[in-house]
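Below is the file data-v6.cif, which contains mmCIF, C-alpha atoms.
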data_coords
#
loop_
_atom_site.label_atom_id
_atom_site.label_comp_id
_atom_site.auth_asym_id
_atom_site.auth_seq_id
_atom_site.Cartn_x
_atom_site.Cartn_y
_atom_site.Cartn_z
CA MET A 1 26.77 4.08 58.41
CA ALA A 2 28.07 1.47 56.04
CA GLY A 3 27.58 2.94 52.56
CA GLY A 4 28.35 6.54 53.55
CA LYS A 5 31.89 6.64 52.34
CA GLU A 6 31.10 4.83 49.11
CA ILE A 7 28.34 7.28 48.33
CA LYS A 8 30.65 10.23 49.06
CA THR A 9 33.24 8.84 46.64
CA LYS A 10 30.59 8.25 44.01
CA ILE A 11 29.37 11.86 44.34
CA ALA A 12 32.91 13.19 43.99
CA SER A 13 33.46 11.09 40.89
CA VAL A 14 30.24 12.26 39.26
CA GLN A 15 31.17 15.83 40.14
CA ASN A 16 34.48 15.42 38.36
CA THR A 17 32.75 14.05 35.28
CA GLN A 18 30.33 16.96 35.41
CA LYS A 19 33.22 19.42 35.43
CA ILE A 20 34.66 17.78 32.34
CA THR A 21 31.40 17.75 30.42
CA ALA A 22 30.72 21.37 31.37
CA ALA A 23 34.17 22.37 30.09
CA MET A 24 33.64 20.39 26.87
CA GLU A 25 30.31 22.12 26.37
CA MET A 26 31.95 25.54 26.59
CA VAL A 27 34.82 24.56 24.29
CA ALA A 28 32.36 23.17 21.73
CA ALA A 29 30.28 26.35 21.93
CA SER A 30 33.22 28.60 21.13
CA LYS A 31 34.50 26.29 18.40
CA MET A 32 31.04 26.13 16.91
CA ARG A 33 30.97 29.88 16.52
CA ARG A 34 34.27 29.78 14.67
CA ALA A 35 33.14 26.89 12.48
CA GLN A 36 29.96 28.75 11.62
CA ASP A 37 31.97 31.79 10.59
CA GLN A 38 34.09 29.64 8.35
CA MET A 39 30.98 28.06 6.92
CA PHE A 40 29.64 31.47 5.96
CA ALA A 41 33.02 32.55 4.59
CA THR A 42 32.98 29.70 2.06
CA ARG A 43 29.59 30.68 0.67
CA PRO A 44 30.61 33.43 -1.78
CA TYR A 45 33.00 31.14 -3.64
CA ALA A 46 30.52 28.27 -3.73
CA GLN A 47 27.77 30.60 -4.93
CA ARG A 48 29.91 32.16 -7.65
CA ILE A 49 31.24 28.88 -8.96
CA ALA A 50 27.76 27.33 -8.90
CA ASP A 51 26.56 30.27 -11.01
CA VAL A 52 29.36 29.75 -13.49
CA VAL A 53 28.68 26.01 -13.72
CA SER A 54 24.93 26.41 -14.17
CA HIS A 55 25.63 28.93 -16.87
CA ILE A 56 28.09 26.68 -18.65
CA ALA A 57 25.69 23.75 -18.44
CA SER A 58 22.87 25.71 -20.03
CA SER A 59 25.03 27.36 -22.68
CA HIS A 60 25.68 25.66 -25.96
CA ALA A 61 29.33 24.83 -25.85
CA GLU A 62 30.55 22.63 -28.66
CA TYR A 63 32.24 20.42 -26.10
CA LYS A 64 30.34 18.36 -23.52
CA HIS A 65 32.44 17.51 -20.49
CA PRO A 66 32.20 13.91 -19.16
CA PHE A 67 31.21 15.33 -15.75
CA LEU A 68 28.04 16.67 -17.34
CA ILE A 69 26.98 13.50 -19.14
CA GLU A 70 24.68 10.96 -17.50
CA ARG A 71 25.43 7.34 -18.21
CA PRO A 72 23.98 4.00 -17.09
CA VAL A 73 25.10 3.25 -13.54
CA LYS A 74 26.97 0.03 -12.85
CA ARG A 75 29.18 1.15 -9.98
CA ALA A 76 28.76 4.11 -7.65
CA GLY A 77 31.18 6.18 -5.60
CA ILE A 78 30.34 7.72 -2.25
CA VAL A 79 32.08 10.56 -0.46
CA ALA A 80 31.21 10.26 3.22
CA VAL A 81 31.98 13.09 5.62
CA SER A 82 32.07 12.32 9.34
CA THR A 83 33.78 13.56 12.47
CA ASP A 84 37.09 12.37 13.86
CA ARG A 85 35.95 12.20 17.45
CA GLY A 86 32.90 10.89 19.22
CA LEU A 87 30.85 12.40 22.06
CA CYS A 88 28.70 14.31 19.63
CA GLY A 89 25.33 12.67 20.08
CA GLY A 90 23.73 10.85 17.20
CA LEU A 91 25.38 12.96 14.51
CA ASN A 92 27.45 10.23 12.89
CA THR A 93 24.95 7.48 13.58
CA ASN A 94 22.19 9.33 11.78
CA MET A 95 24.45 9.95 8.83
CA PHE A 96 25.46 6.28 8.68
CA LYS A 97 21.80 5.24 8.79
CA LYS A 98 21.12 7.40 5.79
CA ALA A 99 24.19 6.01 4.03
CA LEU A 100 23.11 2.43 4.80
CA ASN A 101 19.64 3.05 3.38
CA HIS A 102 21.12 4.42 0.24
CA ILE A 103 23.66 1.62 -0.09
CA GLY A 104 20.79 -0.85 0.40
CA ASP A 105 18.87 0.77 -2.46
CA LEU A 106 21.92 0.64 -4.69
CA ASP A 107 22.51 -2.97 -3.71
CA ASP A 108 18.97 -3.90 -4.76
CA GLN A 109 19.77 -2.53 -8.20
CA GLY A 110 22.97 -4.58 -8.27
CA ILE A 111 25.19 -1.53 -8.02
CA GLU A 112 28.46 -1.92 -6.18
CA ILE A 113 30.00 0.95 -4.27
CA GLU A 114 33.38 2.45 -3.59
CA VAL A 115 33.88 4.93 -0.81
CA ALA A 116 36.13 7.88 -0.01
CA THR A 117 35.88 8.89 3.63
CA PHE A 118 36.58 11.98 5.68
CA GLY A 119 37.05 11.46 9.40
CA THR A 120 37.95 8.36 11.38
CA LYS A 121 34.32 7.56 12.24
CA ALA A 122 33.31 7.09 8.62
CA LEU A 123 36.41 5.04 7.94
CA GLY A 124 35.60 2.75 10.86
CA PHE A 125 31.98 2.40 9.82
CA PHE A 126 32.62 1.55 6.18
CA LYS A 127 35.36 -0.84 7.22
CA ARG A 128 32.88 -2.64 9.49
CA ILE A 129 30.24 -3.03 6.82
CA GLY A 130 32.87 -4.32 4.43
CA ALA A 131 32.60 -1.54 1.86
CA LYS A 132 35.49 -0.87 -0.47
CA VAL A 133 37.22 2.22 0.89
CA ILE A 134 39.51 3.58 -1.78
CA ALA A 135 40.65 6.83 -0.19
CA GLU A 136 40.67 8.31 3.26
CA THR A 137 41.45 11.56 5.01
CA SER A 138 41.15 12.15 8.71
CA HIS A 139 42.27 14.66 11.32
CA VAL A 140 41.48 17.65 9.14
CA GLY A 141 41.13 19.66 12.33
CA ASP A 142 38.66 22.36 13.25
CA SER A 143 39.44 24.61 10.31
CA PRO A 144 39.90 22.42 7.24
CA GLU A 145 41.76 23.70 4.22
CA ILE A 146 40.84 22.95 0.65
CA GLY A 147 44.24 21.36 0.07
CA GLN A 148 43.31 18.59 2.47
CA ILE A 149 40.28 17.45 0.54
CA ILE A 150 41.74 17.36 -2.97
CA GLY A 151 43.26 13.89 -2.58
CA PRO A 152 40.21 11.71 -1.85
CA VAL A 153 38.03 13.64 -4.30
CA GLN A 154 40.62 13.32 -7.01
CA ALA A 155 40.87 9.58 -6.40
CA LEU A 156 37.14 9.15 -7.08
CA LEU A 157 37.09 11.58 -9.99
CA THR A 158 39.92 9.69 -11.68
CA LYS A 159 37.91 6.49 -11.36
CA TYR A 160 34.93 8.27 -12.82
CA GLU A 161 36.92 9.51 -15.76
CA GLU A 162 38.29 6.04 -16.37
CA GLY A 163 34.71 4.74 -16.43
CA GLU A 164 35.13 2.54 -13.36
CA ILE A 165 32.35 4.31 -11.53
CA ASP A 166 29.39 6.06 -13.10
CA VAL A 167 28.02 8.27 -10.36
CA ILE A 168 29.40 9.89 -7.21
CA TYR A 169 27.29 10.79 -4.18
CA LEU A 170 28.16 13.00 -1.25
CA ILE A 171 26.79 12.14 2.19
CA SER A 172 27.24 14.59 5.00
CA ASN A 173 25.43 16.54 7.70
CA GLU A 174 23.50 19.71 7.14
CA PHE A 175 23.66 22.47 9.72
CA VAL A 176 20.06 23.60 10.10
CA ASN A 177 20.61 25.43 13.37
CA THR A 178 22.36 24.91 16.68
CA MET A 179 19.72 22.44 17.85
CA THR A 180 19.18 20.59 14.59
CA GLN A 181 21.55 18.87 12.22
CA GLN A 182 20.38 16.39 9.68
CA PRO A 183 22.02 13.93 7.33
CA TRP A 184 22.05 15.12 3.79
CA MET A 185 22.89 13.52 0.49
CA THR A 186 23.51 14.92 -2.95
CA GLN A 187 24.81 13.76 -6.28
CA LEU A 188 28.25 15.18 -7.06
CA VAL A 189 28.91 13.74 -10.50
CA PRO A 190 27.40 13.85 -13.07
CA VAL A 191 26.99 17.48 -12.10
CA GLN A 192 23.39 18.53 -11.69
CA PRO A 193 23.54 22.27 -12.13
CA ALA A 194 21.06 24.46 -10.30
CA GLU A 195 18.30 25.87 -12.47
CA ASP A 196 19.43 29.15 -13.90
CA LYS A 197 17.16 32.05 -13.09
CA GLU A 198 17.14 33.42 -16.60
CA LEU A 199 16.83 30.36 -18.77
CA SER A 200 17.05 32.06 -22.12
CA HIS A 201 20.77 32.52 -22.52
CA HIS A 202 21.64 33.45 -26.03
CA TRP A 203 25.22 34.22 -25.26
CA ASP A 204 28.15 32.06 -24.39
CA TYR A 205 31.57 32.78 -22.95
CA ILE A 206 34.72 33.14 -24.91
CA TYR A 207 36.67 30.15 -23.69
CA GLU A 208 40.34 30.78 -23.40
CA PRO A 209 42.38 28.78 -24.41
CA ASP A 210 39.51 26.35 -25.22
CA ALA A 211 36.29 25.05 -23.71
CA ARG A 212 37.77 21.73 -22.73
CA GLU A 213 40.55 23.09 -20.58
CA VAL A 214 38.36 25.70 -18.95
CA LEU A 215 35.60 23.20 -18.15
CA ASP A 216 38.11 20.77 -16.67
CA GLY A 217 39.29 23.40 -14.25
CA VAL A 218 35.89 24.82 -13.42
CA LEU A 219 34.08 21.53 -12.85
CA GLU A 220 36.87 20.05 -10.78
CA ARG A 221 36.89 23.09 -8.54
CA TYR A 222 33.13 23.09 -8.34
CA ILE A 223 33.07 19.51 -7.09
CA GLU A 224 35.86 20.23 -4.64
CA SER A 225 34.07 23.28 -3.39
CA LEU A 226 30.93 21.20 -2.73
CA VAL A 227 32.95 18.66 -0.77
CA TYR A 228 34.87 21.37 1.03
CA GLN A 229 31.65 23.06 2.07
CA ALA A 230 30.34 19.74 3.35
CA VAL A 231 33.51 19.23 5.39
CA VAL A 232 33.34 22.71 6.88
CA GLU A 233 29.64 22.40 7.58
CA ASN A 234 30.24 19.05 9.22
CA VAL A 235 32.67 20.68 11.64
CA ALA A 236 29.98 23.16 12.64
CA CYS A 237 27.52 20.27 13.02
CA GLU A 238 29.99 18.33 15.13
CA MET A 239 30.52 21.23 17.49
CA ALA A 240 26.81 21.99 17.80
CA ALA A 241 25.99 18.34 18.40
CA ARG A 242 28.76 18.01 20.95
CA MET A 243 27.63 21.15 22.72
CA LEU A 244 24.14 19.74 23.05
CA ALA A 245 25.31 16.29 24.06
CA MET A 246 27.60 17.74 26.71
CA LYS A 247 24.89 20.02 28.01
CA ASN A 248 22.63 17.01 28.46
CA ALA A 249 25.44 15.10 30.13
CA THR A 250 26.08 17.99 32.54
CA ASP A 251 22.39 18.21 33.39
CA ASN A 252 22.17 14.47 33.92
CA ALA A 253 25.22 14.54 36.16
CA GLY A 254 23.56 17.29 38.20
CA ALA A 255 20.43 15.20 38.63
CA MET A 256 22.53 12.20 39.59
CA ILE A 257 24.43 14.17 42.22
CA ASP A 258 21.17 15.42 43.76
CA GLU A 259 19.87 11.88 43.96
CA LEU A 260 23.07 10.52 45.50
CA GLN A 261 23.13 13.38 47.99
CA LEU A 262 19.60 12.48 49.07
CA ILE A 263 20.55 8.84 49.55
CA TYR A 264 23.63 9.90 51.50
CA ASN A 265 21.58 12.15 53.82
CA ARG A 266 19.04 9.40 54.50
CA GLU A 267 21.81 6.95 55.21
CA ARG A 268 23.44 9.38 57.63
CA GLN A 269 20.14 10.10 59.36
CA ALA A 270 19.40 6.40 59.66
CA SER A 271 22.78 5.66 61.21
CA ILE A 272 22.41 8.51 63.75
CA THR A 273 18.95 7.29 64.71
CA GLN A 274 20.30 3.81 65.09
CA GLU A 275 23.16 4.96 67.32
CA ILE A 276 20.81 6.93 69.58
CA SER A 277 18.47 4.00 69.95
CA GLU A 278 21.42 1.75 70.73
CA ILE A 279 22.64 4.14 73.45
CA VAL A 280 19.11 4.46 74.92
CA GLY A 281 18.74 0.71 74.79
CA GLY A 282 22.12 0.28 76.48
CA ALA A 283 21.30 2.78 79.23
CA ALA A 284 17.96 1.07 79.99
CA ALA A 285 19.74 -2.28 80.33
CA VAL A 286 22.17 -0.95 82.97
CA MET B 1 34.06 57.04 -15.84
CA SER B 2 32.29 53.71 -15.73
CA THR B 3 33.43 51.06 -13.32
CA ILE B 4 33.10 47.32 -13.08
CA GLN B 5 32.18 45.20 -10.07
CA VAL B 6 35.04 42.93 -9.02
CA GLU B 7 34.70 39.91 -6.76
CA ILE B 8 37.79 38.02 -5.67
CA VAL B 9 36.91 34.90 -3.71
CA SER B 10 38.75 31.82 -2.57
CA ALA B 11 37.15 28.58 -1.44
CA GLU B 12 37.85 29.59 2.12
CA GLU B 13 36.83 33.24 2.20
CA GLN B 14 35.86 36.38 0.31
CA ILE B 15 39.00 38.36 -0.46
CA PHE B 16 37.75 41.46 -2.21
CA SER B 17 34.49 42.92 -3.38
CA GLY B 18 34.19 46.37 -4.90
CA GLN B 19 34.33 48.61 -7.95
CA ALA B 20 37.33 49.14 -10.18
CA LEU B 21 38.09 50.90 -13.44
CA MET B 22 40.16 48.12 -14.86
CA VAL B 23 41.20 44.62 -13.87
CA TYR B 24 44.45 42.94 -14.88
CA ALA B 25 44.73 39.20 -14.36
CA PRO B 26 47.34 36.56 -15.26
CA ALA B 27 45.35 34.34 -17.61
CA VAL B 28 47.07 31.21 -18.90
CA MET B 29 47.42 32.70 -22.38
CA GLY B 30 48.99 35.88 -21.02
CA GLU B 31 47.94 38.81 -18.91
CA VAL B 32 44.50 40.17 -19.72
CA GLY B 33 43.10 43.60 -18.98
CA ILE B 34 39.36 43.79 -18.42
CA ALA B 35 37.54 47.08 -18.83
CA PRO B 36 33.83 47.63 -18.08
CA ARG B 37 31.45 46.05 -20.62
CA HIS B 38 33.95 43.46 -21.66
CA THR B 39 32.47 40.57 -23.57
CA PRO B 40 31.81 37.39 -21.47
CA LEU B 41 35.03 35.45 -21.06
CA ILE B 42 36.15 32.55 -18.97
CA SER B 43 39.75 31.47 -18.55
CA PRO B 44 41.99 29.64 -16.09
CA LEU B 45 44.55 31.77 -14.29
CA LYS B 46 48.15 30.97 -13.57
CA PRO B 47 49.91 31.96 -10.36
CA GLY B 48 50.56 35.66 -10.32
CA GLU B 49 49.15 39.01 -9.47
CA VAL B 50 45.67 40.37 -9.93
CA ARG B 51 45.87 44.15 -10.23
CA LEU B 52 42.91 46.48 -9.83
CA ASP B 53 42.96 50.05 -11.12
CA MET B 54 40.92 51.90 -8.49
CA GLY B 55 41.16 55.30 -10.17
CA ASP B 56 43.11 58.39 -9.01
CA GLY B 57 46.30 56.45 -9.65
CA LYS B 58 45.44 54.04 -6.83
CA GLU B 59 45.97 50.35 -7.36
CA GLU B 60 45.26 47.20 -5.40
CA PHE B 61 47.27 43.99 -5.72
CA PHE B 62 46.31 40.45 -4.86
CA PHE B 63 48.57 37.48 -5.20
CA ILE B 64 46.83 34.32 -6.34
CA SER B 65 48.23 30.86 -6.84
CA GLY B 66 46.02 30.17 -9.83
CA GLY B 67 42.29 29.98 -10.30
CA ILE B 68 39.59 30.91 -12.75
CA LEU B 69 38.60 34.25 -14.22
CA GLU B 70 35.01 34.80 -15.20
CA VAL B 71 33.98 37.99 -16.96
CA GLN B 72 30.48 39.28 -17.54
CA PRO B 73 29.77 42.76 -18.88
CA HIS B 74 29.42 44.32 -15.42
CA LEU B 75 31.05 41.74 -13.21
CA VAL B 76 34.49 40.22 -12.98
CA THR B 77 34.87 37.20 -10.72
CA VAL B 78 38.22 35.79 -9.75
CA LEU B 79 37.85 32.33 -8.24
CA SER B 80 41.21 32.04 -6.58
CA ASP B 81 42.94 28.87 -5.45
CA THR B 82 44.53 28.89 -2.06
CA ALA B 83 46.32 25.63 -2.53
CA ILE B 84 49.02 25.35 -5.15
CA ARG B 85 47.57 23.23 -7.88
CA ALA B 86 49.20 21.21 -10.56
CA HIS B 87 48.14 18.00 -12.19
CA ASP B 88 51.06 16.07 -10.68
CA LEU B 89 50.39 17.44 -7.21
CA ASP B 90 46.71 16.53 -7.38
CA GLU B 91 47.59 13.07 -8.49
CA ALA B 92 50.08 12.73 -5.64
CA ALA B 93 47.44 13.85 -3.16
CA ALA B 94 45.04 11.28 -4.58
CA LEU B 95 47.58 8.51 -4.29
CA GLU B 96 48.39 9.53 -0.74
CA ALA B 97 44.72 9.41 0.26
CA GLN B 98 44.40 5.99 -1.35
CA LYS B 99 47.44 4.74 0.47
CA ARG B 100 46.11 5.94 3.79
CA ALA B 101 42.92 3.98 3.17
CA GLU B 102 44.88 0.85 2.32
CA ASP B 103 47.01 1.23 5.44
CA ALA B 104 43.96 1.73 7.60
CA LEU B 105 42.28 -1.31 6.06
CA ALA B 106 45.33 -3.50 6.48
CA ASP B 107 45.13 -2.57 10.18
CA GLN B 108 47.59 -5.08 11.62
CA GLN B 109 51.17 -3.92 12.04
CA SER B 110 53.23 -5.07 9.17
CA ASP B 111 56.32 -7.14 9.89
CA LEU B 112 58.39 -4.53 8.13
CA ASP B 113 57.61 -1.92 10.82
CA VAL B 114 58.44 -4.33 13.61
CA ALA B 115 61.74 -5.22 11.95
CA LYS B 116 62.53 -1.54 11.49
CA ALA B 117 61.72 -0.74 15.11
CA LYS B 118 63.90 -3.64 16.30
CA ALA B 119 66.80 -2.42 14.19
CA GLU B 120 66.41 1.11 15.58
CA LEU B 121 66.25 -0.26 19.11
CA ALA B 122 69.41 -2.29 18.58
CA ALA B 123 71.20 0.77 17.20
CA ALA B 124 70.09 2.87 20.19
CA ALA B 125 71.23 0.17 22.61
CA ALA B 126 74.63 0.05 20.90
CA GLN B 127 74.90 3.84 21.18
CA ILE B 128 74.11 3.77 24.89
CA ALA B 129 76.67 1.04 25.43
CA ALA B 130 79.27 3.09 23.57
CA ILE B 131 78.50 6.21 25.63
CA LYS B 132 78.80 4.23 28.88
CA LYS B 133 82.16 2.88 27.79
CA LEU B 134 83.40 6.37 26.98
CA LYS B 135 82.26 7.68 30.37
CA LYS B 136 84.15 4.95 32.20
CA LYS B 137 87.41 5.86 30.52
#
Please render this file's structure as structure tokens.
Amino acid sequence: MAGGKEIKTKIASVQNTQKITAAMEMVAASKMRRAQDQMFATRPYAQRIADVVSHIASSHAEYKHPFLIERPVKRAGIVAVSTDRGLCGGLNTNMFKKALNHIGDLDDQGIEIEVATFGTKALGFFKRIGAKVIAETSHVGDSPEIGQIIGPVQALLTKYEEGEIDVIYLISNEFVNTMTQQPWMTQLVPVQPAEDKELSHHWDYIYEPDAREVLDGVLERYIESLVYQAVVENVACEMAARMLAMKNATDNAGAMIDELQLIYNRERQASITQEISEIVGGAAAV
Amino acid sequence: MSTIQVEIVSAEEQIFSGQALMVYAPAVMGEVGIAPRHTPLISPLKPGEVRLDMGDGKEEFFFISGGILEVQPHLVTVLSDTAIRAHDLDEAAALEAQKRAEDALADQQSDLDVAKAKAELAAAAAQIAAIKKLKKK
């Protein structure tokens, strides 16, 4: 039996790979649970600050913050959130497709883009397509902290304030459920506040010390909280996608092993049959 | 006695949610005390202590490193920062992120790093030689 040993080695190697993918699946599953918890933990803050912002936007403050004013768009900024590592199915690819479509649309209108990226995958992608990456953060880990995201966001916001860019988009992944994640895009600045439930506000806050300073702080934090949520949600997406990808890989490895085992058994049977017939043939000759 | 709903949240988690008689917070203009049915107010907070009067002489303390205080007649929200924030620090973080992008885009090893590594290597080699000499003696 010529190929017997080779097939045995091949089976052993696939089995090893299967062990690794199975372990990765379990790790991703437990990390996903943690990421989901963190995702839910960030909701109260995001909800509260969104309420405050929508209220401020619909109230009649004497001061209009630049983040609330729409202006003609000549250059656009993009915050792209991706994973640091691969082996998570089509998660990043889908997001990049969406980003490319959007960049194409902007390009048709003659709008140039500048990008701030989270995660090494996004950095690599935007580098490849020759986009202008102005800020970058990677290796935020499985439980990102808000301190880690301030830098890139601030870099874009400064450009916005200086009038170098006129709109900032956020592209990320949305965690629908464990099986489904989809790319998702929103406009960060100018801020588009959610519709307030009770539209007829006749009251306004007392701003202390003044509206300008308060709005600066609130809007900046609001934008950061949106990006932070996207980063946290992306971690949950990454883990869910990896879990699924690794489950598929484990299943495929199982199927492959079965197939190889079958080939091995046939080969063995064939060689035994051949040996017997050789012996019988030999005996008849004597 | 009437109470007021208090929510203390940070970007990362909910810290406190419950009723209190009175809320004291370190607003930038000085400490403010908020009683139920306070008029709507919004103010940045500086690093300090948020104190809740829970009644019966009981108090709760929370340290915050800044944030925003929002007051509505029946609801006080403290949006707390977890990171220490200052304009200079934010700017530094922004510059750092920009620099990282530039480094990543430059990609190839700069000559400076190679020169530095060579110098370090030479120094290490000299140290080893010196140690060997000392051992021989």
Find the residues of chain A in contact range of chain B, meaning any atom within 8 Å when counting all atoms listed in the file, and list them as a PDB file with C-alpha atoms, keeping the file's coordinate frame.
ATOM      1  CA  GLN A  38      34.090  29.640   8.350  1.00  0.00           C
ATOM      2  CA  ALA A  41      33.020  32.550   4.590  1.00  0.00           C
ATOM      3  CA  THR A  42      32.980  29.700   2.060  1.00  0.00           C
ATOM      4  CA  ARG A  43      29.590  30.680   0.670  1.00  0.00           C
ATOM      5  CA  PRO A  44      30.610  33.430  -1.780  1.00  0.00           C
ATOM      6  CA  TYR A  45      33.000  31.140  -3.640  1.00  0.00           C
ATOM      7  CA  ALA A  46      30.520  28.270  -3.730  1.00  0.00           C
ATOM      8  CA  ARG A  48      29.910  32.160  -7.650  1.00  0.00           C
ATOM      9  CA  ILE A  49      31.240  28.880  -8.960  1.00  0.00           C
ATOM     10  CA  VAL A  52      29.360  29.750 -13.490  1.00  0.00           C
ATOM     11  CA  LYS A 127      35.360  -0.840   7.220  1.00  0.00           C
ATOM     12  CA  VAL A 133      37.220   2.220   0.890  1.00  0.00           C
ATOM     13  CA  ILE A 134      39.510   3.580  -1.780  1.00  0.00           C
ATOM     14  CA  ALA A 135      40.650   6.830  -0.190  1.00  0.00           C
ATOM     15  CA  GLU A 136      40.670   8.310   3.260  1.00  0.00           C
ATOM     16  CA  THR A 137      41.450  11.560   5.010  1.00  0.00           C
ATOM     17  CA  GLU A 145      41.760  23.700   4.220  1.00  0.00           C
ATOM     18  CA  ILE A 146      40.840  22.950   0.650  1.00  0.00           C
ATOM     19  CA  GLY A 147      44.240  21.360   0.070  1.00  0.00           C
ATOM     20  CA  ILE A 150      41.740  17.360  -2.970  1.00  0.00           C
ATOM     21  CA  GLY A 151      43.260  13.890  -2.580  1.00  0.00           C
ATOM     22  CA  PRO A 152      40.210  11.710  -1.850  1.00  0.00           C
ATOM     23  CA  VAL A 153      38.030  13.640  -4.300  1.00  0.00           C
ATOM     24  CA  GLN A 154      40.620  13.320  -7.010  1.00  0.00           C
ATOM     25  CA  ALA A 155      40.870   9.580  -6.400  1.00  0.00           C
ATOM     26  CA  ASP A 204      28.150  32.060 -24.390  1.00  0.00           C
ATOM     27  CA  TYR A 205      31.570  32.780 -22.950  1.00  0.00           C
ATOM     28  CA  ILE A 206      34.720  33.140 -24.910  1.00  0.00           C
ATOM     29  CA  TYR A 207      36.670  30.150 -23.690  1.00  0.00           C
ATOM     30  CA  GLU A 208      40.340  30.780 -23.400  1.00  0.00           C
ATOM     31  CA  PRO A 209      42.380  28.780 -24.410  1.00  0.00           C
ATOM     32  CA  VAL A 214      38.360  25.700 -18.950  1.00  0.00           C
ATOM     33  CA  GLY A 217      39.290  23.400 -14.250  1.00  0.00           C
ATOM     34  CA  VAL A 218      35.890  24.820 -13.420  1.00  0.00           C
ATOM     35  CA  SER A 225      34.070  23.280  -3.390  1.00  0.00           C
ATOM     36  CA  TYR A 228      34.870  21.370   1.030  1.00  0.00           C
TER      37      TYR A 228
END
key: d(atom CA of Glu174 of chain A, atom CA of Lys98 of chain A) in Å   = 12.6 Å
Applied to the shown file, which residues does the PyMOL selection byres ((chain B and resi 51-63) around 8) return, written as a short mmCIF file (atom, residue, chain, number, x, y, z; two decimals) with C-alpha atoms, in the frame of the given file?
data_model
loop_
_atom_site.label_atom_id
_atom_site.label_comp_id
_atom_site.auth_asym_id
_atom_site.auth_seq_id
_atom_site.Cartn_x
_atom_site.Cartn_y
_atom_site.Cartn_z
CA GLN B 19 34.33 48.61 -7.95
CA ALA B 20 37.33 49.14 -10.18
CA LEU B 21 38.09 50.90 -13.44
CA MET B 22 40.16 48.12 -14.86
CA VAL B 23 41.20 44.62 -13.87
CA TYR B 24 44.45 42.94 -14.88
CA ALA B 25 44.73 39.20 -14.36
CA PRO B 47 49.91 31.96 -10.36
CA GLY B 48 50.56 35.66 -10.32
CA GLU B 49 49.15 39.01 -9.47
CA VAL B 50 45.67 40.37 -9.93
CA ILE B 64 46.83 34.32 -6.34
CA SER B 65 48.23 30.86 -6.84
#
request  = Evaluate the PyMOL selection byres ((chain A and resi 248) around 12) here and jot the selected residues down as a VMD selection string.
outcome  = chain A and resid 18 21 to 22 24 to 25 87 to 89 241 to 247 249 to 255
Residue members of the PyMOL selection byres ((chain A and resi 75) around 10) in the file shown, as a short mmCIF file (atom, residue, chain, number, x, y, z; two decimals) with C-alpha atoms, keeping the file's coordinate frame:
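To be explicit, this is the file written out as result-v3.cif:
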data_model
loop_
_atom_site.label_atom_id
_atom_site.label_comp_id
_atom_site.auth_asym_id
_atom_site.auth_seq_id
_atom_site.Cartn_x
_atom_site.Cartn_y
_atom_site.Cartn_z
CA PRO A 72 23.98 4.00 -17.09
CA VAL A 73 25.10 3.25 -13.54
CA LYS A 74 26.97 0.03 -12.85
CA ALA A 76 28.76 4.11 -7.65
CA GLY A 77 31.18 6.18 -5.60
CA LEU A 106 21.92 0.64 -4.69
CA GLY A 110 22.97 -4.58 -8.27
CA ILE A 111 25.19 -1.53 -8.02
CA GLU A 112 28.46 -1.92 -6.18
CA ILE A 113 30.00 0.95 -4.27
CA GLU A 114 33.38 2.45 -3.59
CA TYR A 160 34.93 8.27 -12.82
CA GLY A 163 34.71 4.74 -16.43
CA GLU A 164 35.13 2.54 -13.36
CA ILE A 165 32.35 4.31 -11.53
CA ASP A 166 29.39 6.06 -13.10
CA VAL A 167 28.02 8.27 -10.36
CA ILE A 168 29.40 9.89 -7.21
#
Axis-aligned box over every listed atom of segment 92-108 of chain B, padded by 8 Å per side: centre and edges in Å to one decimal, as AutoDock Vina command-line options?
--center_x 46.2 --center_y 4.4 --center_z 3.0 --size_x 23.8 --size_y 34.9 --size_z 33.3
message = Quick check, in Å to one decimal: how far apart do atom CA of Ser17 of chain B and atom CA of Ile4 of chain B lie?
response = 10.7 Å
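Note that the spacing between atom CA of Ile78 of chain A and atom CA of Asn92 of chain A amounts to 15.6 Å.
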Long-range neighbours of Val189 of chain A as a JSON list (two decimals) with C-alpha atoms, in the frame of the given file, 10 Å cut-off, only C-alpha atoms, 3 positions minimum in chain:
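Final file, out.json:
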[["chain", "number", "residue", "atom", "x", "y", "z"],
["A", 66, "PRO", "CA", 32.20, 13.91, -19.16],
["A", 67, "PHE", "CA", 31.21, 15.33, -15.75],
["A", 68, "LEU", "CA", 28.04, 16.67, -17.34],
["A", 69, "ILE", "CA", 26.98, 13.50, -19.14],
["A", 70, "GLU", "CA", 24.68, 10.96, -17.50],
["A", 77, "GLY", "CA", 31.18, 6.18, -5.60],
["A", 157, "LEU", "CA", 37.09, 11.58, -9.99],
["A", 160, "TYR", "CA", 34.93, 8.27, -12.82],
["A", 166, "ASP", "CA", 29.39, 6.06, -13.10],
["A", 167, "VAL", "CA", 28.02, 8.27, -10.36],
["A", 168, "ILE", "CA", 29.40, 9.89, -7.21],
["A", 169, "TYR", "CA", 27.29, 10.79, -4.18],
["A", 170, "LEU", "CA", 28.16, 13.00, -1.25],
["A", 186, "THR", "CA", 23.51, 14.92, -2.95],
["A", 192, "GLN", "CA", 23.39, 18.53, -11.69],
["A", 219, "LEU", "CA", 34.08, 21.53, -12.85],
["A", 223, "ILE", "CA", 33.07, 19.51, -7.09]]
inquiry  = Can you tell me which residues surround Asp216 of chain A at a distance of at most 9 Å, considering all atoms listed in the file, apart from same-chain residues fewer than 5 positions away, and format the answer as a ChimeraX atom specification?
reply    = /A:65,67,211,221
